[in-house]
Each structure stands twice: as structure tokens, then as C-alpha cells.
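**Q** Input file: my_file_18.pdb. Contents: PDB, C-alpha atoms.
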```pdb
ATOM      1  CA  MET A   1       0.000   0.000   0.000
ATOM      2  CA  LYS A   2       1.620   3.231  -1.202
ATOM      3  CA  ASN A   3       2.941   5.539   1.543
ATOM      4  CA  TRP A   4       1.131   3.577   4.237
ATOM      5  CA  LYS A   5       2.438   2.243   7.510
ATOM      6  CA  LYS A   6       0.661   0.957  10.573
ATOM      7  CA  ASN A   7       1.376   4.247  12.325
ATOM      8  CA  SER A   8       0.885   6.636   9.390
ATOM      9  CA  TRP A   9      -2.519   7.569  10.834
ATOM     10  CA  LYS A  10      -0.655   9.658  13.411
ATOM     11  CA  LYS A  11       0.140  12.234  10.719
ATOM     12  CA  TYR A  12      -3.562  13.004  10.316
ATOM     13  CA  PRO A  13      -6.127  14.664  12.589
ATOM     14  CA  VAL A  14      -8.129  12.173  14.641
ATOM     15  CA  LYS A  15     -11.327  12.419  16.657
ATOM     16  CA  HIS A  16     -12.673  10.402  19.593
ATOM     17  CA  ILE A  17      -9.258   9.157  20.732
ATOM     18  CA  PRO A  18      -8.443   9.953  24.378
ATOM     19  CA  GLU A  19      -5.436  11.857  25.645
ATOM     20  CA  TYR A  20      -3.579   9.480  27.934
ATOM     21  CA  PRO A  21      -1.862  11.421  30.730
ATOM     22  CA  ASN A  22       0.917   8.843  30.960
ATOM     23  CA  LYS A  23       2.197   8.290  27.420
ATOM     24  CA  LYS A  24       5.103   6.146  28.607
ATOM     25  CA  GLU A  25       2.732   3.728  30.330
ATOM     26  CA  LEU A  26       0.575   3.572  27.183
ATOM     27  CA  ASP A  27       3.631   2.701  25.063
ATOM     28  CA  THR A  28       4.635   0.001  27.557
ATOM     29  CA  VAL A  29       1.168  -1.572  27.511
ATOM     30  CA  LEU A  30       0.937  -1.468  23.717
ATOM     31  CA  GLY A  31       4.425  -2.950  23.449
ATOM     32  CA  LYS A  32       3.373  -5.928  25.540
ATOM     33  CA  ILE A  33       0.136  -6.427  23.625
ATOM     34  CA  ALA A  34       2.129  -6.410  20.388
ATOM     35  CA  THR A  35       3.729  -9.672  21.583
ATOM     36  CA  PHE A  36       0.367 -11.322  22.272
ATOM     37  CA  PRO A  37      -1.175 -13.757  19.745
ATOM     38  CA  PRO A  38      -3.637 -12.383  17.192
ATOM     39  CA  LEU A  39      -7.276 -12.729  18.163
ATOM     40  CA  VAL A  40      -8.324 -13.732  14.637
ATOM     41  CA  PHE A  41      -6.407 -14.895  11.596
ATOM     42  CA  ALA A  42      -6.033 -13.682   8.038
ATOM     43  CA  GLY A  43      -7.560 -16.845   6.600
ATOM     44  CA  GLU A  44     -10.701 -16.275   8.649
ATOM     45  CA  THR A  45     -11.105 -12.711   7.432
ATOM     46  CA  ARG A  46     -10.631 -13.833   3.834
ATOM     47  CA  HIS A  47     -13.383 -16.413   4.359
ATOM     48  CA  LEU A  48     -15.674 -13.696   5.710
ATOM     49  CA  LYS A  49     -14.839 -11.503   2.701
ATOM     50  CA  ASP A  50     -15.968 -14.292   0.383
ATOM     51  CA  GLN A  51     -19.248 -14.584   2.269
ATOM     52  CA  LEU A  52     -19.803 -10.818   2.217
ATOM     53  CA  ALA A  53     -19.230 -10.889  -1.543
ATOM     54  CA  ASP A  54     -22.179 -13.294  -1.747
ATOM     55  CA  VAL A  55     -24.231 -10.787   0.270
ATOM     56  CA  VAL A  56     -23.375  -8.036  -2.214
ATOM     57  CA  ASP A  57     -24.380 -10.316  -5.092
ATOM     58  CA  GLY A  58     -27.724 -11.108  -3.452
ATOM     59  CA  LYS A  59     -26.740 -14.702  -2.766
ATOM     60  CA  ALA A  60     -26.735 -14.378   1.032
ATOM     61  CA  PHE A  61     -28.141 -12.213   3.823
ATOM     62  CA  LEU A  62     -26.077 -10.299   6.402
ATOM     63  CA  LEU A  63     -27.188 -10.377  10.045
ATOM     64  CA  GLN A  64     -25.159  -8.215  12.414
ATOM     65  CA  GLY A  65     -26.077  -7.730  16.058
ATOM     66  CA  GLY A  66     -24.746  -7.300  19.561
ATOM     67  CA  ASP A  67     -23.999  -4.670  22.161
ATOM     68  CA  CYS A  68     -23.533  -0.986  21.468
ATOM     69  CA  ALA A  69     -20.578  -1.332  23.823
ATOM     70  CA  GLU A  70     -19.406  -4.343  25.799
ATOM     71  CA  SER A  71     -18.873  -4.028  29.528
ATOM     72  CA  PHE A  72     -16.240  -5.582  31.764
ATOM     73  CA  ALA A  73     -18.847  -5.912  34.526
ATOM     74  CA  GLU A  74     -21.305  -7.839  32.320
ATOM     75  CA  PHE A  75     -18.710 -10.290  31.032
ATOM     76  CA  ASN A  76     -20.288 -13.667  31.694
ATOM     77  CA  PRO A  77     -20.520 -16.944  29.759
ATOM     78  CA  ASP A  78     -24.307 -16.888  30.034
ATOM     79  CA  ASN A  79     -24.480 -13.466  28.365
ATOM     80  CA  ILE A  80     -22.204 -14.637  25.557
ATOM     81  CA  ARG A  81     -24.284 -17.790  25.127
ATOM     82  CA  ASP A  82     -27.568 -15.880  25.042
ATOM     83  CA  THR A  83     -26.304 -13.436  22.413
ATOM     84  CA  PHE A  84     -25.037 -16.333  20.325
ATOM     85  CA  LYS A  85     -28.324 -18.256  20.707
ATOM     86  CA  LEU A  86     -30.430 -15.285  19.690
ATOM     87  CA  MET A  87     -28.312 -14.631  16.601
ATOM     88  CA  LEU A  88     -28.560 -18.283  15.538
ATOM     89  CA  GLN A  89     -32.317 -18.443  16.020
ATOM     90  CA  MET A  90     -32.772 -15.211  14.053
ATOM     91  CA  SER A  91     -30.571 -16.585  11.287
ATOM     92  CA  LEU A  92     -32.590 -19.811  11.151
ATOM     93  CA  VAL A  93     -35.815 -17.867  10.605
ATOM     94  CA  LEU A  94     -34.147 -15.661   7.982
ATOM     95  CA  THR A  95     -32.637 -18.638   6.173
ATOM     96  CA  TYR A  96     -35.985 -20.425   6.004
ATOM     97  CA  SER A  97     -37.959 -17.325   5.026
ATOM     98  CA  ALA A  98     -35.556 -15.962   2.422
ATOM     99  CA  SER A  99     -34.111 -19.290   1.217
ATOM    100  CA  LEU A 100     -30.674 -17.741   1.520
ATOM    101  CA  PRO A 101     -27.663 -18.481   3.739
ATOM    102  CA  VAL A 102     -27.117 -15.943   6.513
ATOM    103  CA  VAL A 103     -23.725 -14.435   7.324
ATOM    104  CA  LYS A 104     -23.686 -14.002  11.101
ATOM    105  CA  VAL A 105     -21.569 -11.126  12.442
ATOM    106  CA  GLY A 106     -21.613 -10.225  16.128
ATOM    107  CA  ARG A 107     -20.657  -6.908  17.699
ATOM    108  CA  ILE A 108     -18.787  -8.861  20.327
ATOM    109  CA  ALA A 109     -15.287  -9.763  21.564
ATOM    110  CA  GLY A 110     -13.917  -6.241  21.157
ATOM    111  CA  GLN A 111     -16.782  -3.735  20.890
ATOM    112  CA  PHE A 112     -15.724  -1.640  23.898
ATOM    113  CA  SER A 113     -15.022   1.942  22.775
ATOM    114  CA  LYS A 114     -17.773   4.559  22.439
ATOM    115  CA  PRO A 115     -17.598   7.770  20.375
ATOM    116  CA  ARG A 116     -19.325  10.528  22.304
ATOM    117  CA  SER A 117     -21.097  13.667  21.151
ATOM    118  CA  SER A 118     -19.379  15.662  23.905
ATOM    119  CA  PRO A 119     -15.922  15.222  25.465
ATOM    120  CA  VAL A 120     -17.331  16.115  28.899
ATOM    121  CA  GLU A 121     -20.291  15.086  31.050
ATOM    122  CA  SER A 122     -21.969  17.210  33.724
ATOM    123  CA  LYS A 123     -23.871  16.022  36.792
ATOM    124  CA  ASP A 124     -25.020  18.145  39.748
ATOM    125  CA  GLY A 125     -22.783  20.979  38.658
ATOM    126  CA  VAL A 126     -19.702  18.748  38.347
ATOM    127  CA  GLU A 127     -18.028  18.385  34.946
ATOM    128  CA  LEU A 128     -15.884  15.361  34.142
ATOM    129  CA  PRO A 129     -14.503  13.737  30.981
ATOM    130  CA  SER A 130     -17.082  11.544  29.240
ATOM    131  CA  TYR A 131     -17.137   7.793  29.626
ATOM    132  CA  LEU A 132     -15.487   6.419  26.474
ATOM    133  CA  GLY A 133     -15.824   2.676  26.967
ATOM    134  CA  ASP A 134     -14.420   0.158  29.415
ATOM    135  CA  ASN A 135     -11.182  -0.281  27.497
ATOM    136  CA  ILE A 136     -10.433   3.435  28.048
ATOM    137  CA  ASN A 137     -11.968   4.659  31.305
ATOM    138  CA  GLY A 138     -14.647   3.798  33.872
ATOM    139  CA  MET A 139     -18.389   4.421  33.842
ATOM    140  CA  GLU A 140     -18.412   5.565  37.487
ATOM    141  CA  PHE A 141     -18.869   9.333  37.701
ATOM    142  CA  SER A 142     -15.665  10.192  39.526
ATOM    143  CA  GLU A 143     -12.508  12.024  38.585
ATOM    144  CA  LYS A 144     -10.313   8.964  39.108
ATOM    145  CA  SER A 145     -12.569   6.655  37.119
ATOM    146  CA  ARG A 146     -12.716   8.948  34.105
ATOM    147  CA  ILE A 147      -8.928   9.175  33.654
ATOM    148  CA  PRO A 148      -7.915   7.092  30.589
ATOM    149  CA  ASP A 149      -6.010   4.063  31.882
ATOM    150  CA  PRO A 150      -3.816   2.107  29.412
ATOM    151  CA  LYS A 151      -3.865  -0.999  31.627
ATOM    152  CA  ARG A 152      -7.548  -1.444  30.743
ATOM    153  CA  LEU A 153      -6.373  -2.660  27.337
ATOM    154  CA  PHE A 154      -4.991  -5.806  28.953
ATOM    155  CA  LYS A 155      -8.433  -6.685  30.286
ATOM    156  CA  ALA A 156     -10.057  -5.811  26.962
ATOM    157  CA  TYR A 157      -7.676  -8.165  25.138
ATOM    158  CA  SER A 158      -8.181 -10.930  27.706
ATOM    159  CA  GLN A 159     -11.976 -10.622  27.657
ATOM    160  CA  SER A 160     -12.030 -10.607  23.837
ATOM    161  CA  ALA A 161      -9.845 -13.722  23.707
ATOM    162  CA  ALA A 162     -12.018 -15.564  26.240
ATOM    163  CA  THR A 163     -15.204 -14.565  24.399
ATOM    164  CA  LEU A 164     -13.794 -15.769  21.089
ATOM    165  CA  ASN A 165     -12.727 -19.038  22.674
ATOM    166  CA  LEU A 166     -16.237 -19.706  23.947
ATOM    167  CA  ILE A 167     -17.867 -18.698  20.653
ATOM    168  CA  ARG A 168     -15.610 -21.054  18.719
ATOM    169  CA  ALA A 169     -16.553 -23.861  21.108
ATOM    170  CA  PHE A 170     -20.244 -23.098  20.562
ATOM    171  CA  CYS A 171     -19.756 -23.036  16.782
ATOM    172  CA  HIS A 172     -18.038 -26.388  16.486
ATOM    173  CA  GLY A 173     -18.852 -28.334  19.649
ATOM    174  CA  GLY A 174     -22.429 -29.344  18.842
ATOM    175  CA  PHE A 175     -24.174 -26.433  20.552
ATOM    176  CA  ALA A 176     -25.094 -24.969  17.143
ATOM    177  CA  ASP A 177     -26.656 -28.171  15.817
ATOM    178  CA  LEU A 178     -29.544 -27.135  13.574
ATOM    179  CA  GLN A 179     -32.007 -29.241  15.556
ATOM    180  CA  ASN A 180     -30.880 -27.649  18.832
ATOM    181  CA  VAL A 181     -31.258 -24.166  17.407
ATOM    182  CA  HIS A 182     -34.795 -24.939  16.350
ATOM    183  CA  ASN A 183     -35.719 -26.343  19.766
ATOM    184  CA  TRP A 184     -34.472 -23.325  21.717
ATOM    185  CA  ASN A 185     -37.260 -21.270  23.231
ATOM    186  CA  LEU A 186     -37.456 -17.521  22.930
ATOM    187  CA  GLY A 187     -39.202 -16.694  26.190
ATOM    188  CA  PHE A 188     -39.942 -13.093  25.323
ATOM    189  CA  ILE A 189     -42.064 -14.114  22.324
ATOM    190  CA  LYS A 190     -44.679 -15.697  24.612
ATOM    191  CA  ASN A 191     -46.113 -12.311  25.548
ATOM    192  CA  SER A 192     -45.709 -10.793  22.134
ATOM    193  CA  PRO A 193     -48.549 -10.075  19.671
ATOM    194  CA  THR A 194     -46.433 -11.844  17.047
ATOM    195  CA  LEU A 195     -46.612 -15.152  18.928
ATOM    196  CA  LYS A 196     -49.038 -16.796  16.461
ATOM    197  CA  ARG A 197     -46.977 -15.730  13.431
ATOM    198  CA  PHE A 198     -43.811 -17.032  15.048
ATOM    199  CA  LYS A 199     -45.489 -20.308  16.045
ATOM    200  CA  ASP A 200     -46.750 -20.842  12.489
ATOM    201  CA  LEU A 201     -43.267 -20.266  11.141
ATOM    202  CA  GLU A 202     -41.787 -22.548  13.786
ATOM    203  CA  ASP A 203     -44.174 -25.335  12.755
ATOM    204  CA  LYS A 204     -43.146 -24.974   9.105
ATOM    205  CA  ILE A 205     -39.453 -25.171  10.032
ATOM    206  CA  ALA A 206     -40.170 -28.256  12.160
ATOM    207  CA  ASP A 207     -41.873 -29.920   9.184
ATOM    208  CA  ALA A 208     -38.904 -29.095   6.946
ATOM    209  CA  LEU A 209     -36.444 -30.539   9.481
ATOM    210  CA  ALA A 210     -38.565 -33.665   9.875
ATOM    211  CA  PHE A 211     -38.587 -34.158   6.099
ATOM    212  CA  MET A 212     -34.808 -33.704   5.947
ATOM    213  CA  ASP A 213     -34.322 -36.180   8.778
ATOM    214  CA  ALA A 214     -36.540 -38.723   7.020
ATOM    215  CA  CYS A 215     -34.303 -38.374   3.985
ATOM    216  CA  GLY A 216     -31.231 -39.012   6.132
ATOM    217  CA  ILE A 217     -30.096 -35.391   6.002
ATOM    218  CA  ASN A 218     -29.227 -34.642   9.612
ATOM    219  CA  SER A 219     -26.260 -33.739  11.782
ATOM    220  CA  ASP A 220     -25.338 -37.383  12.297
ATOM    221  CA  PHE A 221     -24.295 -37.605   8.653
ATOM    222  CA  ASN A 222     -23.682 -33.990   7.657
ATOM    223  CA  ARG A 223     -21.254 -31.949   9.735
ATOM    224  CA  ARG A 224     -22.479 -28.677   8.197
ATOM    225  CA  LEU A 225     -25.771 -29.099  10.032
ATOM    226  CA  LYS A 226     -24.098 -28.955  13.454
ATOM    227  CA  THR A 227     -21.446 -26.288  12.920
ATOM    228  CA  VAL A 228     -21.673 -22.617  11.982
ATOM    229  CA  ASN A 229     -19.435 -19.692  11.142
ATOM    230  CA  PHE A 230     -19.851 -16.761  13.512
ATOM    231  CA  TRP A 231     -17.746 -13.664  12.962
ATOM    232  CA  THR A 232     -16.750 -10.861  15.331
ATOM    233  CA  SER A 233     -16.752  -7.145  14.606
ATOM    234  CA  HIS A 234     -16.269  -3.739  16.199
ATOM    235  CA  GLU A 235     -15.589  -0.147  15.270
ATOM    236  CA  ALA A 236     -11.894   0.570  14.645
ATOM    237  CA  LEU A 237     -12.054   3.528  17.008
ATOM    238  CA  LEU A 238      -9.110   3.265  19.410
ATOM    239  CA  LEU A 239      -6.334   3.431  16.828
ATOM    240  CA  PRO A 240      -3.361   2.867  19.157
ATOM    241  CA  PHE A 241      -4.798  -0.551  20.030
ATOM    242  CA  GLU A 242      -5.860  -1.334  16.446
ATOM    243  CA  GLU A 243      -2.378  -0.449  15.214
ATOM    244  CA  THR A 244      -0.851  -2.804  17.775
ATOM    245  CA  MET A 245      -3.168  -5.632  16.704
ATOM    246  CA  THR A 246      -2.372  -5.169  13.004
ATOM    247  CA  ARG A 247      -0.090  -7.939  11.794
ATOM    248  CA  THR A 248       1.404  -8.862   8.423
ATOM    249  CA  ASP A 249       0.169 -12.148   6.992
ATOM    250  CA  SER A 250       3.259 -14.265   6.357
ATOM    251  CA  THR A 251       1.637 -16.062   3.415
ATOM    252  CA  THR A 252       0.556 -12.994   1.432
ATOM    253  CA  GLY A 253       2.289  -9.946   2.908
ATOM    254  CA  GLU A 254      -1.127  -8.326   3.503
ATOM    255  CA  ASN A 255      -1.803  -6.262   6.603
ATOM    256  CA  HIS A 256      -4.711  -7.489   8.727
ATOM    257  CA  ASP A 257      -6.172  -5.954  11.868
ATOM    258  CA  THR A 258      -6.375  -9.128  13.940
ATOM    259  CA  SER A 259      -8.517  -7.640  16.721
ATOM    260  CA  ALA A 260     -11.685  -8.824  14.912
ATOM    261  CA  HIS A 261     -12.846 -10.445  11.712
ATOM    262  CA  PHE A 262     -14.478  -7.203  10.585
ATOM    263  CA  VAL A 263     -13.636  -3.677  11.744
ATOM    264  CA  TRP A 264     -15.377  -0.596  10.426
ATOM    265  CA  ILE A 265     -15.122   3.177  10.315
ATOM    266  CA  GLY A 266     -17.908   4.839  12.276
ATOM    267  CA  ASP A 267     -20.066   7.733  11.191
ATOM    268  CA  ARG A 268     -18.206  10.093  13.540
ATOM    269  CA  THR A 269     -14.727   9.081  12.356
ATOM    270  CA  ARG A 270     -15.163   8.904   8.581
ATOM    271  CA  GLN A 271     -13.415  12.208   7.825
ATOM    272  CA  LEU A 272     -11.628  11.795   4.477
ATOM    273  CA  ASP A 273      -8.546  13.565   5.787
ATOM    274  CA  GLY A 274      -8.695  11.851   9.189
ATOM    275  CA  GLY A 275      -6.539   9.266  10.881
ATOM    276  CA  HIS A 276      -9.204   6.560  11.006
ATOM    277  CA  VAL A 277      -9.644   6.531   7.229
ATOM    278  CA  GLU A 278      -5.870   6.602   6.790
ATOM    279  CA  PHE A 279      -5.376   3.645   9.128
ATOM    280  CA  CYS A 280      -8.060   1.496   7.519
ATOM    281  CA  ARG A 281      -6.725   2.351   4.053
ATOM    282  CA  GLY A 282      -3.898  -0.107   4.602
ATOM    283  CA  ILE A 283      -5.995  -3.100   5.578
ATOM    284  CA  LYS A 284      -5.974  -5.143   2.420
ATOM    285  CA  ILE A 285      -9.269  -6.140   0.806
ATOM    286  CA  GLU A 286      -9.454  -7.379  -2.751
ATOM    287  CA  LEU A 287     -12.514  -6.399  -4.767
ATOM    288  CA  ASP A 288     -12.453  -8.652  -7.787
ATOM    289  CA  ASN A 289     -15.644  -7.260  -9.337
ATOM    290  CA  LEU A 290     -14.175  -3.801  -9.866
ATOM    291  CA  MET A 291     -12.600  -2.762 -13.153
ATOM    292  CA  VAL A 292      -9.182  -2.615 -11.465
ATOM    293  CA  ASP A 293      -6.736  -5.169 -10.163
ATOM    294  CA  THR A 294      -7.088  -4.327  -6.462
ATOM    295  CA  LEU A 295      -8.522  -1.515  -4.387
ATOM    296  CA  SER A 296      -8.660  -1.179  -0.641
ATOM    297  CA  PHE A 297     -12.021  -0.935   1.049
ATOM    298  CA  VAL A 298     -11.243   2.567   2.251
ATOM    299  CA  GLU A 299     -10.267   3.818  -1.198
ATOM    300  CA  VAL A 300     -13.758   2.787  -2.294
ATOM    301  CA  LEU A 301     -15.114   4.488   0.826
ATOM    302  CA  ARG A 302     -13.363   7.725  -0.163
ATOM    303  CA  ILE A 303     -14.922   7.601  -3.638
ATOM    304  CA  GLN A 304     -18.418   6.876  -2.341
ATOM    305  CA  LEU A 305     -18.296   9.579   0.315
ATOM    306  CA  GLU A 306     -17.143  12.117  -2.261
ATOM    307  CA  LEU A 307     -20.179  11.127  -4.330
ATOM    308  CA  ASN A 308     -22.350  11.714  -1.239
ATOM    309  CA  VAL A 309     -23.398   8.097  -1.041
ATOM    310  CA  ASP A 310     -24.422   7.522   2.578
ATOM    311  CA  GLN A 311     -24.087   3.742   2.687
ATOM    312  CA  LEU A 312     -21.776   1.304   1.006
TER     313      LEU A 312
END
```
Can I see the file as C-alpha cells?
**A**
Amino acid sequence: MKNWKKNSWKKYPVKHIPEYPNKKELDTVLGKIATFPPLVFAGETRHLKDQLADVVDGKAFLLQGGDCAESFAEFNPDNIRDTFKLMLQMSLVLTYSASLPVVKVGRIAGQFSKPRSSPVESKDGVELPSYLGDNINGMEFSEKSRIPDPKRLFKAYSQSAATLNLIRAFCHGGFADLQNVHNWNLGFIKNSPTLKRFKDLEDKIADALAFMDACGINSDFNRRLKTVNFWTSHEALLLPFEETMTRTDSTTGENHDTSAHFVWIGDRTRQLDGGHVEFCRGIKIELDNLMVDTLSFVEVLRIQLELNVDQL
């Protein structure tokens, strides 16, 4: 990528990145994280790219869901399981209704940072820096809690790794068996006015599964019916961390942000002359359908924004 380095974003103006009072401590923390294993791998992101290409071509449906921002305090295997279960049940309904495969992308295992409309927050006449996400500062309204703390990045990395580990176990350990997904109960639907519609759809899916089973098409003989692909995503907001997690794929020489399978530029950080666009410009994505050899995702983003296209 011409004139691009992992840290070239620092030459550009950036928004929504905190000022750490102890820069030396931040560098020490980032240096240690740079020695940690990647959270995801280049081959996985290439697989997701292929699936997203099918979405663009109308051959698949994209389902993305999860927390606006993950919390250290709410980190719990039951919460991870419930998010995963809900996404799978939604995807089952979508697959049956649309007769299309569903690409499942969770805002999970790294969605910590929060862009804020104001850098400060006021309460009872007291003004403090805004809460920016658990990987930066604390939610508690106190001066100490709101100071950006680099050591929080260690916990963010650890929690992301543990979440990914559990998700991968769910995906390939039998938990995601198609029959199990169908049998899960969505308790909230019982008191919903859409209960009858959902029950009718559930009965149709049950009939389809029974027919498949009668034909010998079940998870006992087809591994694809008991495993799923589930991808992680978050906004590439905290660039010092994203830079540290960016690694060069030894097989291709491409640069991949290994903090998640899919990272994006948010609405508040999409300035064409900003550091977030510059950073993401170097994350290699091949777009074979374009009338060029290769373009990065962000180069396409630049073009579309200049044409005032709101969504890719």
C-alpha cells in the first residue's frame, strides 16, 4: 500500500481518541500487547470476505447484532451464550424465510469503545470527561474513574480472547446443531402479539427438518448441520490498540487488523482527511468485481463519500 504504515494515521487529525496522561505507560502496555497472539487470523477474514461478496451479489443475507458497547462488569458466559443463541435463532428464521444463507456477524469480543457527542459530562454541577468505553476509562462518575487508563487494554484483550474461545466452542462443539437451534425457546415471544406468526413459522421449520431427517439429512451424517461460522466485529475507534493488533500475513504480505474479523469506520470518524480513514486504508481487501486489479475498502469508501453516497 503506497505511503502507508501501521502508524501513518498519526500524521492526520483524529477524533474520539483519548489523551492518555501517561504516554510512557501507554507505550509500555501497547508494546506488551504487540507480543500477544492475534485474536483472529487472516484466513478467517478472507473467508468472511468471500461470504460478504455473496451478500453483495444477493446470494446471502447479512445479520449483524450485539452490544452498542461491551462491559467488563457484564462479562459472563451466560451473556455470551444468550447473544449467540439469539443470533442463531434469528438466522434460522431468515434462512428459512428468504431461502438464503445468513452471514452471522456479532458486535462482540472487542466492541468496547464509544464515540461521544461531547468530550465532557456534567452532573449536579460537576463536569468530568465523558465515559469512552471500558477499554479506556470507567463508567463511574468520579474524577479517578474517568482518567484514561492504558492498563484497561490488557483486560479488553483478555476478555475478547475468552469470548472468542467460547464462541468457537459453541460453533463447532455441537451447541449450534440445527435441531438444537430450532428447539431453543425464545421466552420473550410468549407475551408478544407476534406469537401466532412465530409459532406458524416454527411449525413450518419443524416440518422441513422432519422431512430432511426422514431423507437421512441430519447432523449425524452432515457436519455442516451442526457447525456454523460466527464472525466478530467492532468499530476501529481506538487506533493505538488497532495499530498494535495489526499484523502482516506471512503467506501474502497483507496487513490485517487481527482484533476482529471485521472492523469498520464509524459515522463520527469517517473524515476523508482523518486518521481513522488513513489507518483502515492499509488493511488489504481485494474487490475482484471492480474494473481494477485491487482496491482497498477505504479507497472505495473515499470515492463513495465524495459522491455523497451515505451507505456502502
**Q** Taking all atoms listed in the file into account, name the residue in A:Leu26, A:Val277, A:Leu166, A:Ile283 that is nearest to Thr258 of chain A.
**A**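 Answer, going by the shortest atom-to-atom distance: A:Ile283.
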**Q** Assuming the chain letters and numbering stay as they are in my file, what does the PyMOL selection byres ((chain A and resi 70-87) around 9) actually select? List them as a short mmCIF file (atom, residue, chain, number, x, y, z; two decimals) with C-alpha atoms, in the frame of the given file.
**A**
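selection_17.cif, freshly written:
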```cif
data_model
loop_
_atom_site.label_atom_id
_atom_site.label_comp_id
_atom_site.auth_asym_id
_atom_site.auth_seq_id
_atom_site.Cartn_x
_atom_site.Cartn_y
_atom_site.Cartn_z
CA LEU A 63 -27.19 -10.38 10.04
CA GLN A 64 -25.16 -8.22 12.41
CA GLY A 65 -26.08 -7.73 16.06
CA GLY A 66 -24.75 -7.30 19.56
CA ASP A 67 -24.00 -4.67 22.16
CA CYS A 68 -23.53 -0.99 21.47
CA ALA A 69 -20.58 -1.33 23.82
CA LEU A 88 -28.56 -18.28 15.54
CA GLN A 89 -32.32 -18.44 16.02
CA MET A 90 -32.77 -15.21 14.05
CA SER A 91 -30.57 -16.58 11.29
CA LEU A 92 -32.59 -19.81 11.15
CA LYS A 104 -23.69 -14.00 11.10
CA VAL A 105 -21.57 -11.13 12.44
CA GLY A 106 -21.61 -10.22 16.13
CA ARG A 107 -20.66 -6.91 17.70
CA ILE A 108 -18.79 -8.86 20.33
CA ALA A 109 -15.29 -9.76 21.56
CA GLY A 110 -13.92 -6.24 21.16
CA GLN A 111 -16.78 -3.74 20.89
CA PHE A 112 -15.72 -1.64 23.90
CA SER A 113 -15.02 1.94 22.78
CA GLY A 133 -15.82 2.68 26.97
CA ASP A 134 -14.42 0.16 29.42
CA ASN A 135 -11.18 -0.28 27.50
CA LYS A 155 -8.43 -6.68 30.29
CA ALA A 156 -10.06 -5.81 26.96
CA GLN A 159 -11.98 -10.62 27.66
CA THR A 163 -15.20 -14.56 24.40
CA LEU A 166 -16.24 -19.71 23.95
CA ILE A 167 -17.87 -18.70 20.65
CA PHE A 170 -20.24 -23.10 20.56
CA ALA A 176 -25.09 -24.97 17.14
CA VAL A 181 -31.26 -24.17 17.41
CA TRP A 184 -34.47 -23.32 21.72
CA LEU A 186 -37.46 -17.52 22.93
CA PHE A 230 -19.85 -16.76 13.51
#
```
**Q** Can you measure atom CA of Ala34 of chain A to atom CA of Met245 of chain A for me? One decimal in Å is fine.
**A**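 Answer for the atom CA of Ala34 of chain A to atom CA of Met245 of chain A separation: 6.5 Å.
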**Q** Can you work out the spacing between atom CA of Thr252 of chain A and atom CA of Asp27 of chain A in Å, to one decimal?
**A**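 Between these atoms lies a distance of 28.5 Å.
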**Q** Mind checking which residues fall within 12 Å of Gly43 of chain A, counting only C-alpha atoms, ignoring those fewer than 4 positions away in the same chain, and posting them as a list in words?
**A**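 These residues fall inside the cut-off: His47, Leu48, Lys49, Asp50, Asp249, Ser250, Thr251, Thr252, Glu254, His256, Thr258 and His261 of chain A.
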**Q** So what do you get for atom CA of Tyr20 of chain A versus atom CA of Pro148 of chain A, distance-wise?
**A**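 Atom CA of Tyr20 of chain A sits 5.6 Å away from atom CA of Pro148 of chain A.
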**Q** Output the residue selection produced by the PyMOL selection byres ((chain A and resi 8-10) around 7) on the file above, formatted as a list in words.
**A**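 Applied to this file, the PyMOL selection byres ((chain A and resi 8-10) around 7) selects Trp4, Lys5, Lys6, Asn7, Lys11, Tyr12, Gly275, His276, Glu278 and Phe279 of chain A.
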**Q** For Cys171 of chain A, which residue among A:Val228, A:Val40, A:Leu237, A:Ala53 is the nearest when counting only C-alpha atoms?
**A**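 Closest candidate: A:Val228.
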**Q** Here is a test: counting all atoms listed in the file, which residue of A:Ala260, A:Ile17, A:Val29, A:Leu272 is nearest to Asn137 of chain A?
**A**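 Closest residue, counting all atoms listed in the file: A:Ile17.
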**Q** Taking all atoms listed in the file into account, which of A:Leu178, A:Thr227, A:Gly266, A:Glu143 comes nearest Met212 of chain A?
**A**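 Once distances to Met212 of chain A are computed over all atoms listed in the file, the minimum belongs to A:Leu178.
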**Q** Which residue is closest to Ile265 of chain A? Choose from A:Pro115, A:Phe175, A:Leu201, A:Ser158 and count all atoms listed in the file.
**A** A:Pro115
**Q** Is there a way to get, as a list in words, all residues within 6 Å of the point (-6.4, 15.9, 12.0) in file coordinates, counting all atoms listed in the file?
**A**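 Residues lying no farther than 6 Å from the given point: Tyr12, Pro13, Val14 and Gly274 of chain A.
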